[in-house]
file target.cif (mmCIF, C-alpha atoms)
data_protein
#
loop_
_atom_site.label_atom_id
_atom_site.label_comp_id
_atom_site.auth_asym_id
_atom_site.auth_seq_id
_atom_site.Cartn_x
_atom_site.Cartn_y
_atom_site.Cartn_z
CA MET A 1 13.84 -10.85 -9.07
CA LYS A 2 11.38 -13.61 -8.29
CA VAL A 3 12.01 -17.12 -9.58
CA SER A 4 9.16 -18.55 -11.66
CA GLU A 5 7.14 -21.47 -10.27
CA PRO A 6 8.30 -23.93 -13.00
CA VAL A 7 11.95 -23.15 -12.18
CA LEU A 8 11.31 -23.56 -8.43
CA ALA A 9 9.66 -26.92 -9.19
CA ALA A 10 12.68 -27.98 -11.27
CA MET A 11 14.97 -26.96 -8.40
CA ARG A 12 12.92 -29.03 -5.92
CA GLN A 13 13.21 -31.99 -8.29
CA THR A 14 17.01 -31.73 -8.29
CA ASN A 15 17.12 -31.37 -4.50
CA GLU A 16 14.87 -34.41 -4.07
CA LEU A 17 17.02 -36.42 -6.46
CA PHE A 18 20.07 -35.60 -4.33
CA ASP A 19 18.28 -36.96 -1.25
CA ALA A 20 16.49 -39.94 -2.81
CA GLU A 21 19.13 -41.21 -5.25
CA VAL A 22 22.53 -39.95 -4.14
CA ILE A 23 22.18 -40.06 -0.35
CA ARG A 24 19.55 -42.72 0.36
CA LYS A 25 20.49 -45.11 -2.48
CA ARG A 26 24.17 -44.09 -2.50
CA ASP A 27 24.02 -43.72 -6.30
CA ILE A 28 27.01 -41.41 -6.69
CA ASP A 29 26.55 -41.13 -10.48
CA GLY A 30 23.21 -39.46 -9.72
CA LEU A 31 25.40 -36.40 -9.07
CA ASP A 32 25.60 -35.99 -12.89
CA ARG A 33 22.04 -34.67 -12.64
CA VAL A 34 22.70 -32.55 -9.54
CA TYR A 35 25.95 -30.66 -10.25
CA THR A 36 27.03 -28.94 -13.48
CA ALA A 37 30.11 -30.43 -15.17
CA HIS A 38 32.35 -27.61 -13.91
CA ALA A 39 30.63 -27.10 -10.57
CA ARG A 40 32.49 -26.14 -7.44
CA ALA A 41 31.62 -27.38 -3.96
CA LEU A 42 32.98 -25.60 -0.87
CA PRO A 43 32.58 -28.01 2.07
CA PRO A 44 33.47 -27.10 5.65
CA GLY A 45 36.80 -28.57 6.76
CA ALA A 46 38.27 -29.00 3.27
CA PRO A 47 39.55 -26.94 0.32
CA ILE A 48 37.39 -26.13 -2.73
CA VAL A 49 36.33 -29.22 -4.71
CA GLU A 50 36.28 -28.54 -8.47
CA GLY A 51 34.47 -30.44 -11.21
CA ARG A 52 32.07 -33.35 -11.06
CA ASP A 53 34.65 -36.12 -10.69
CA GLN A 54 36.20 -34.54 -7.62
CA ILE A 55 32.72 -33.76 -6.29
CA LYS A 56 31.74 -37.43 -6.67
CA SER A 57 34.85 -38.50 -4.74
CA PHE A 58 34.06 -35.95 -2.05
CA TRP A 59 30.45 -37.15 -1.57
CA ARG A 60 31.38 -40.83 -1.74
CA GLN A 61 33.76 -40.28 1.17
CA ALA A 62 31.52 -37.85 3.09
CA ILE A 63 28.48 -40.15 2.90
CA ALA A 64 30.54 -43.07 4.16
CA SER A 65 32.40 -41.25 6.91
CA LEU A 66 29.29 -39.48 8.29
CA GLY A 67 27.05 -42.49 7.71
CA LEU A 68 24.75 -40.04 5.95
CA LYS A 69 21.20 -41.46 5.70
CA SER A 70 19.14 -38.58 4.31
CA ALA A 71 19.43 -34.92 3.31
CA THR A 72 16.21 -32.91 3.38
CA LEU A 73 16.69 -29.58 1.59
CA ALA A 74 14.37 -26.59 1.80
CA THR A 75 14.60 -23.26 0.00
CA VAL A 76 14.63 -20.23 2.33
CA ASP A 77 15.00 -17.68 -0.46
CA ALA A 78 15.63 -17.79 -4.21
CA GLN A 79 16.46 -14.87 -6.50
CA ALA A 80 16.69 -14.91 -10.27
CA VAL A 81 19.97 -13.33 -11.43
CA GLY A 82 20.44 -13.15 -15.20
CA ASP A 83 19.69 -16.66 -16.50
CA SER A 84 20.67 -18.27 -13.20
CA VAL A 85 19.32 -18.44 -9.63
CA ILE A 86 20.85 -17.82 -6.20
CA GLU A 87 19.26 -19.87 -3.45
CA ILE A 88 19.64 -19.67 0.31
CA GLY A 89 18.48 -22.88 1.93
CA ARG A 90 18.58 -25.13 4.93
CA ALA A 91 19.23 -28.85 5.07
CA ASP A 92 18.62 -31.43 7.73
CA LEU A 93 21.20 -34.20 7.46
CA THR A 94 20.47 -37.45 9.26
CA VAL A 95 23.66 -39.30 10.16
CA GLU A 96 24.52 -42.82 11.34
CA ASP A 97 23.54 -42.49 14.98
CA GLY A 98 20.22 -40.78 14.16
CA GLN A 99 21.62 -37.35 15.01
CA ILE A 100 20.33 -34.54 12.77
CA LEU A 101 22.81 -31.90 11.63
CA THR A 102 21.27 -28.53 10.72
CA VAL A 103 23.02 -27.02 7.75
CA LYS A 104 22.51 -23.76 5.89
CA TYR A 105 23.72 -23.27 2.34
CA VAL A 106 23.97 -21.02 -0.68
CA VAL A 107 23.67 -22.57 -4.14
CA HIS A 108 24.20 -20.84 -7.46
CA TRP A 109 21.96 -22.68 -9.92
CA LYS A 110 22.50 -22.99 -13.65
CA GLN A 111 20.63 -24.76 -16.37
CA GLU A 112 22.67 -27.48 -18.10
CA ASP A 113 21.21 -29.80 -20.75
CA GLY A 114 17.73 -28.58 -19.81
CA THR A 115 18.17 -29.46 -16.12
CA TRP A 116 18.61 -27.00 -13.24
CA LYS A 117 21.80 -27.93 -11.40
CA TRP A 118 24.12 -26.73 -8.64
CA ASN A 119 26.98 -24.72 -10.11
CA ILE A 120 28.38 -23.37 -6.85
CA ASP A 121 27.51 -25.09 -3.57
CA ILE A 122 28.71 -23.89 -0.16
CA TRP A 123 27.39 -24.79 3.27
CA ASN A 124 28.14 -24.76 6.97
CA LEU A 125 26.66 -26.07 10.20
CA ASN A 126 24.43 -24.04 12.50
CA GLN A 127 25.97 -25.58 15.61
CA MET B 128 30.09 -13.88 -17.84
CA LYS B 129 33.25 -11.97 -17.03
CA VAL B 130 33.18 -9.13 -14.52
CA SER B 131 34.52 -5.82 -15.87
CA GLU B 132 37.76 -4.42 -14.46
CA PRO B 133 36.10 -1.33 -12.91
CA VAL B 134 33.63 -3.57 -11.04
CA LEU B 135 36.46 -5.86 -9.85
CA ALA B 136 38.31 -2.76 -8.62
CA ALA B 137 35.18 -1.57 -6.77
CA MET B 138 34.86 -5.02 -5.17
CA ARG B 139 38.48 -4.92 -4.04
CA GLN B 140 37.84 -1.51 -2.50
CA THR B 141 34.94 -2.89 -0.44
CA ASN B 142 36.98 -5.91 0.65
CA GLU B 143 39.87 -3.68 1.68
CA LEU B 144 37.52 -1.41 3.60
CA PHE B 145 36.26 -4.45 5.53
CA ASP B 146 39.84 -5.31 6.52
CA ALA B 147 41.20 -1.80 7.11
CA GLU B 148 38.22 -0.12 8.78
CA VAL B 149 35.96 -2.79 10.23
CA ILE B 150 38.47 -5.37 11.40
CA ARG B 151 41.71 -3.45 12.03
CA LYS B 152 40.10 -0.24 13.39
CA ARG B 153 37.03 -2.02 14.81
CA ASP B 154 34.79 0.59 13.15
CA ILE B 155 31.61 -1.48 13.08
CA ASP B 156 29.62 1.27 11.31
CA GLY B 157 32.00 0.81 8.37
CA LEU B 158 29.79 -2.22 7.65
CA ASP B 159 27.24 0.25 6.17
CA ARG B 160 29.60 0.43 3.19
CA VAL B 161 30.27 -3.32 3.08
CA TYR B 162 26.84 -4.99 3.38
CA THR B 163 23.57 -3.99 1.66
CA ALA B 164 20.77 -2.85 3.98
CA HIS B 165 18.94 -6.20 3.68
CA ALA B 166 22.02 -8.40 3.41
CA ARG B 167 22.20 -11.87 4.88
CA ALA B 168 25.29 -13.38 6.47
CA LEU B 169 25.53 -17.14 7.02
CA PRO B 170 28.32 -17.72 9.55
CA PRO B 171 29.47 -21.17 10.65
CA GLY B 172 28.14 -22.16 14.06
CA ALA B 173 25.14 -19.83 14.05
CA PRO B 174 21.79 -19.33 12.27
CA ILE B 175 21.32 -16.88 9.37
CA VAL B 176 21.94 -13.25 10.33
CA GLU B 177 19.54 -10.87 8.53
CA GLY B 178 19.88 -7.14 7.94
CA ARG B 179 22.68 -4.73 8.68
CA ASP B 180 21.86 -4.17 12.37
CA GLN B 181 22.03 -7.87 13.16
CA ILE B 182 25.14 -8.19 11.00
CA LYS B 183 26.83 -5.39 12.97
CA SER B 184 26.01 -7.17 16.25
CA PHE B 185 27.36 -10.41 14.83
CA TRP B 186 30.69 -8.89 13.74
CA ARG B 187 31.08 -6.84 16.93
CA GLN B 188 30.86 -10.07 18.92
CA ALA B 189 32.87 -12.22 16.47
CA ILE B 190 35.75 -9.72 16.29
CA ALA B 191 35.92 -9.55 20.09
CA SER B 192 35.57 -13.27 20.76
CA LEU B 193 38.10 -14.33 18.10
CA GLY B 194 40.38 -11.39 18.80
CA LEU B 195 40.29 -10.81 15.04
CA LYS B 196 43.22 -8.65 13.91
CA SER B 197 42.99 -8.69 10.12
CA ALA B 198 41.01 -10.25 7.26
CA THR B 199 42.80 -10.48 3.92
CA LEU B 200 40.31 -11.32 1.17
CA ALA B 201 41.19 -12.53 -2.34
CA THR B 202 38.89 -13.28 -5.25
CA VAL B 203 39.27 -16.81 -6.66
CA ASP B 204 36.51 -16.43 -9.25
CA ALA B 205 33.89 -13.82 -10.08
CA GLN B 206 30.98 -14.15 -12.50
CA ALA B 207 28.59 -11.43 -13.62
CA VAL B 208 24.98 -12.61 -13.25
CA GLY B 209 22.35 -10.11 -14.34
CA ASP B 210 23.25 -6.79 -12.69
CA SER B 211 25.00 -8.57 -9.80
CA VAL B 212 28.15 -10.64 -9.26
CA ILE B 213 28.84 -14.01 -7.64
CA GLU B 214 32.32 -14.28 -6.16
CA ILE B 215 34.19 -17.27 -4.79
CA GLY B 216 37.03 -16.18 -2.56
CA ARG B 217 39.45 -17.04 0.16
CA ALA B 218 40.25 -15.13 3.32
CA ASP B 219 43.10 -15.33 5.76
CA LEU B 220 41.92 -14.29 9.20
CA THR B 221 44.57 -13.43 11.76
CA VAL B 222 43.32 -13.99 15.30
CA GLU B 223 44.50 -13.02 18.80
CA ASP B 224 47.29 -15.58 19.23
CA GLY B 225 48.70 -14.93 15.73
CA GLN B 226 47.06 -18.05 14.34
CA ILE B 227 45.81 -17.71 10.76
CA LEU B 228 42.44 -19.24 9.90
CA THR B 229 41.97 -20.11 6.21
CA VAL B 230 38.42 -19.40 5.13
CA LYS B 231 36.65 -19.82 1.79
CA TYR B 232 33.51 -17.91 0.96
CA VAL B 233 30.82 -17.14 -1.59
CA VAL B 234 29.51 -13.59 -1.82
CA HIS B 235 26.59 -12.37 -3.89
CA TRP B 236 27.41 -8.73 -4.70
CA LYS B 237 24.90 -5.98 -5.43
CA GLN B 238 25.26 -2.33 -6.16
CA GLU B 239 23.59 -0.09 -3.55
CA ASP B 240 23.85 3.72 -3.63
CA GLY B 241 26.59 3.39 -6.26
CA THR B 242 28.73 1.09 -4.09
CA TRP B 243 29.32 -2.63 -4.66
CA LYS B 244 28.34 -4.45 -1.45
CA TRP B 245 27.87 -7.93 -0.02
CA ASN B 246 24.22 -8.97 -0.30
CA ILE B 247 24.68 -12.63 0.64
CA ASP B 248 27.81 -13.73 2.50
CA ILE B 249 28.54 -17.33 3.49
CA TRP B 250 31.82 -18.87 4.55
CA ASN B 251 33.46 -21.84 6.24
CA LEU B 252 36.87 -22.93 7.43
CA ASN B 253 39.24 -25.12 5.40
CA GLN B 254 40.42 -26.96 8.51
#
call {"tool": "encode", "arguments": {"input": "target.cif", "output": "structure tokens"}}
result
Amino acid sequence: MKVSEPVLAAMRQTNELFDAEVIRKRDIDGLDRVYTAHARALPPGAPIVEGRDQIKSFWRQAIASLGLKSATLATVDAQAVGDSVIEIGRADLTVEDGQILTVKYVVHWKQEDGTWKWNIDIWNLNQ
Amino acid sequence: MKVSEPVLAAMRQTNELFDAEVIRKRDIDGLDRVYTAHARALPPGAPIVEGRDQIKSFWRQAIASLGLKSATLATVDAQAVGDSVIEIGRADLTVEDGQILTVKYVVHWKQEDGTWKWNIDIWNLNQ
């Protein structure tokens, strides 16, 4: 089922917050507004990361070790499923040396405290 | 929301078919009963693969190049969302030299022609 325009706009807002606040300003607590409290992240090269505290630790370390400078996210497809959304997307990650990593991802979105957030987040590299 | 026991059993059946028929017997057409017609697979190291024909080509090549011998899948978590299911799982892939690759995945399941199938399939390696 199609996702309504207001929900797509709310999703874009969350994705932009991840880029602008968490990655560019390195405001790790901005992740409170990106991931649900019991979210799970499934990063390449590591086991499942469960809950927002562990997710904050993961991103703090990943941003530092990659020298991550920006993360531009774009929705490829979004489907409404029950009261949640499944999104397929792509991300361009700019790292320390100016190299751009092309990432594809699947996010299961849920509404928490009126905000659309990532509840399950898995990605991998195209190369 | 919890997934009912009959649906979980149907999911296990599909996962076992993938291992027993597609991987162990290299019956690529068995993928008709694993993926929906318009499924998308998001493999590490490659762009999105769309539709069953492309997915068959992908697995034919991946099985041969990895020397894939078995794929044991286990559900870590499954949530009912609308008339579909989102599963987080882990897979142990045995490859040519006996090495076992530990994979985690997210699958969006849909019912097609009475069978529960993978509609979106993304994974990455733990190492």
call {"tool": "closest_residue", "arguments": {"input": "target.cif", "among": "B:Ala198, B:Leu220, B:Ala173, B:Met128", "to": "chain A", "atoms": "only C-alpha atoms"}}
result
B:Ala173
call {"tool": "atom_distance", "arguments": {"input": "target.cif", "atom1": "CA of Leu158 in chain B", "atom2": "CA of Arg139 in chain B"}}
result
14.8 Å
call {"tool": "residues_around", "arguments": {"input": "target.cif", "residues": "Val233 in chain B", "least_positions_apart": "5", "cutoff": "6 Å", "atoms": "all atoms listed in the file", "output": "NGL selection string"}}
result
:B and (214-215 or 249)
call {"tool": "axis_aligned_box", "arguments": {"input": "target.cif", "around": "range 60-66 of chain A", "padding_each_side": "8 Å", "output": "lines of an AutoDock Vina configuration file"}}
result
center_x = 31.1
center_y = -40.5
center_z = 3.3
size_x = 21.3
size_y = 21.2
size_z = 26.0
call {"tool": "interface_residues", "arguments": {"input": "target.cif", "of": "chain A", "to": "chain B", "cutoff": "6 Å", "atoms": "only C-alpha atoms", "output": "PyMOL selection string"}}
result
chain A and resi 44-47+81-82+124-127
call {"tool": "atom_distance", "arguments": {"input": "target.cif", "atom1": "CA of Leu193 in chain B", "atom2": "CA of Ala147 in chain B"}}
result
17.0 Å
call {"tool": "resolve_selection", "arguments": {"input": "target.cif", "expression": "the PyMOL selection byres ((chain B and resi 165) around 9)", "output": "count of residues only"}}
result
9
call {"tool": "residues_around", "arguments": {"input": "target.cif", "residues": "Gly194 in chain B", "least_positions_apart": "4", "cutoff": "6 Å", "atoms": "only C-alpha atoms", "output": "list in words"}}
result
Ile190, Val222 and Glu223 of chain B
call {"tool": "closest_residue", "arguments": {"input": "target.cif", "among": "B:Ala168, B:Ser197, B:Leu135, B:Ser184", "to": "Lys152 in chain B", "atoms": "only C-alpha atoms"}}
result
B:Ser197
call {"tool": "atom_distance", "arguments": {"input": "target.cif", "atom1": "CA of Arg33 in chain A", "atom2": "CA of Trp59 in chain A"}}
result
14.1 Å
call {"tool": "resolve_selection", "arguments": {"input": "target.cif", "expression": "the PyMOL selection byres ((chain A and resi 115) around 9)", "output": "MDAnalysis selection string"}}
result
chainID A and resid 10:11 14 33:34 110:114 116:117
call {"tool": "decode", "arguments": {"input": "target.cif", "residues": "range 155-169 of chain B", "atoms": "all heavy atoms", "output": "compact mmCIF listing (two decimals), in the first residue's frame"}}
result
# COMPACT_ATOMS: atom_id res chain seq x y z
N ILE B 155 17.61 -24.02 -9.10
CA ILE B 155 17.37 -22.57 -9.10
C ILE B 155 15.88 -22.25 -9.26
O ILE B 155 15.39 -21.27 -8.69
CB ILE B 155 18.23 -21.90 -10.21
CG1 ILE B 155 19.72 -22.00 -9.85
CG2 ILE B 155 17.84 -20.44 -10.40
CD1 ILE B 155 20.13 -21.26 -8.58
N ASP B 156 15.14 -23.06 -10.01
CA ASP B 156 13.71 -22.79 -10.19
C ASP B 156 12.92 -22.97 -8.90
O ASP B 156 11.77 -22.52 -8.81
CB ASP B 156 13.13 -23.65 -11.32
CG ASP B 156 13.58 -23.14 -12.68
OD1 ASP B 156 13.80 -21.91 -12.81
OD2 ASP B 156 13.73 -23.96 -13.60
N GLY B 157 13.51 -23.61 -7.90
CA GLY B 157 12.89 -23.67 -6.58
C GLY B 157 12.66 -22.27 -6.00
O GLY B 157 11.83 -22.10 -5.11
N LEU B 158 13.41 -21.28 -6.55
CA LEU B 158 13.24 -19.90 -6.06
C LEU B 158 11.85 -19.34 -6.37
O LEU B 158 11.43 -18.37 -5.75
CB LEU B 158 14.33 -18.99 -6.66
CG LEU B 158 15.74 -19.28 -6.13
CD1 LEU B 158 16.79 -18.52 -6.93
CD2 LEU B 158 15.86 -18.89 -4.65
N ASP B 159 11.12 -19.97 -7.32
CA ASP B 159 9.72 -19.57 -7.56
C ASP B 159 8.89 -19.70 -6.30
O ASP B 159 7.91 -18.97 -6.11
CB ASP B 159 9.09 -20.48 -8.64
CG ASP B 159 9.69 -20.25 -10.01
OD1 ASP B 159 10.23 -19.14 -10.25
OD2 ASP B 159 9.64 -21.18 -10.84
N ARG B 160 9.27 -20.65 -5.44
CA ARG B 160 8.50 -20.87 -4.21
C ARG B 160 9.10 -20.16 -3.00
O ARG B 160 8.61 -20.29 -1.88
CB ARG B 160 8.38 -22.38 -3.94
CG ARG B 160 7.46 -23.09 -4.95
CD ARG B 160 7.45 -24.59 -4.75
NE ARG B 160 8.73 -25.19 -5.15
CZ ARG B 160 9.21 -26.35 -4.72
NH1 ARG B 160 8.51 -27.06 -3.84
NH2 ARG B 160 10.36 -26.80 -5.15
N VAL B 161 10.21 -19.43 -3.23
CA VAL B 161 10.88 -18.74 -2.14
C VAL B 161 10.66 -17.22 -2.22
O VAL B 161 10.34 -16.57 -1.21
CB VAL B 161 12.39 -19.05 -2.15
CG1 VAL B 161 13.13 -18.21 -1.12
CG2 VAL B 161 12.63 -20.55 -1.91
N TYR B 162 10.81 -16.66 -3.42
CA TYR B 162 10.65 -15.22 -3.62
C TYR B 162 9.33 -14.91 -4.33
O TYR B 162 8.94 -15.65 -5.24
CB TYR B 162 11.79 -14.67 -4.50
CG TYR B 162 13.13 -14.53 -3.80
CD1 TYR B 162 14.08 -15.55 -3.88
CD2 TYR B 162 13.45 -13.37 -3.11
CE1 TYR B 162 15.32 -15.41 -3.27
CE2 TYR B 162 14.70 -13.21 -2.51
CZ TYR B 162 15.62 -14.24 -2.59
OH TYR B 162 16.86 -14.09 -1.99
N THR B 163 8.69 -13.79 -3.99
CA THR B 163 7.52 -13.32 -4.75
C THR B 163 7.97 -12.91 -6.15
O THR B 163 9.16 -12.64 -6.39
CB THR B 163 6.85 -12.11 -4.06
OG1 THR B 163 7.76 -11.01 -4.04
CG2 THR B 163 6.41 -12.45 -2.65
N ALA B 164 7.02 -12.84 -7.06
CA ALA B 164 7.34 -12.52 -8.47
C ALA B 164 8.08 -11.18 -8.59
O ALA B 164 8.98 -11.04 -9.41
CB ALA B 164 6.06 -12.49 -9.29
N HIS B 165 7.71 -10.20 -7.77
CA HIS B 165 8.32 -8.87 -7.89
C HIS B 165 9.26 -8.58 -6.72
O HIS B 165 9.49 -7.41 -6.37
CB HIS B 165 7.23 -7.80 -8.00
CG HIS B 165 6.33 -8.03 -9.17
ND1 HIS B 165 6.78 -7.87 -10.47
CD2 HIS B 165 5.06 -8.48 -9.26
CE1 HIS B 165 5.80 -8.18 -11.31
NE2 HIS B 165 4.74 -8.56 -10.60
N ALA B 166 9.80 -9.63 -6.14
CA ALA B 166 10.68 -9.47 -4.98
C ALA B 166 11.92 -8.66 -5.32
O ALA B 166 12.31 -8.56 -6.49
CB ALA B 166 11.10 -10.84 -4.47
N ARG B 167 12.51 -8.09 -4.28
CA ARG B 167 13.81 -7.44 -4.41
C ARG B 167 14.79 -8.02 -3.42
O ARG B 167 14.47 -8.17 -2.25
CB ARG B 167 13.65 -5.92 -4.20
CG ARG B 167 13.23 -5.25 -5.51
CD ARG B 167 12.67 -3.91 -5.28
NE ARG B 167 11.44 -3.99 -4.50
CZ ARG B 167 10.63 -2.98 -4.31
NH1 ARG B 167 10.90 -1.81 -4.84
NH2 ARG B 167 9.54 -3.12 -3.60
N ALA B 168 15.97 -8.35 -3.93
CA ALA B 168 17.07 -8.82 -3.08
C ALA B 168 18.15 -7.75 -3.06
O ALA B 168 18.42 -7.12 -4.09
CB ALA B 168 17.63 -10.14 -3.62
N LEU B 169 18.72 -7.52 -1.87
CA LEU B 169 19.75 -6.48 -1.71
C LEU B 169 21.02 -7.14 -1.18
O LEU B 169 21.28 -7.11 0.03
CB LEU B 169 19.26 -5.37 -0.77
CG LEU B 169 18.15 -4.44 -1.30
CD1 LEU B 169 16.78 -5.07 -1.19
CD2 LEU B 169 18.15 -3.10 -0.54
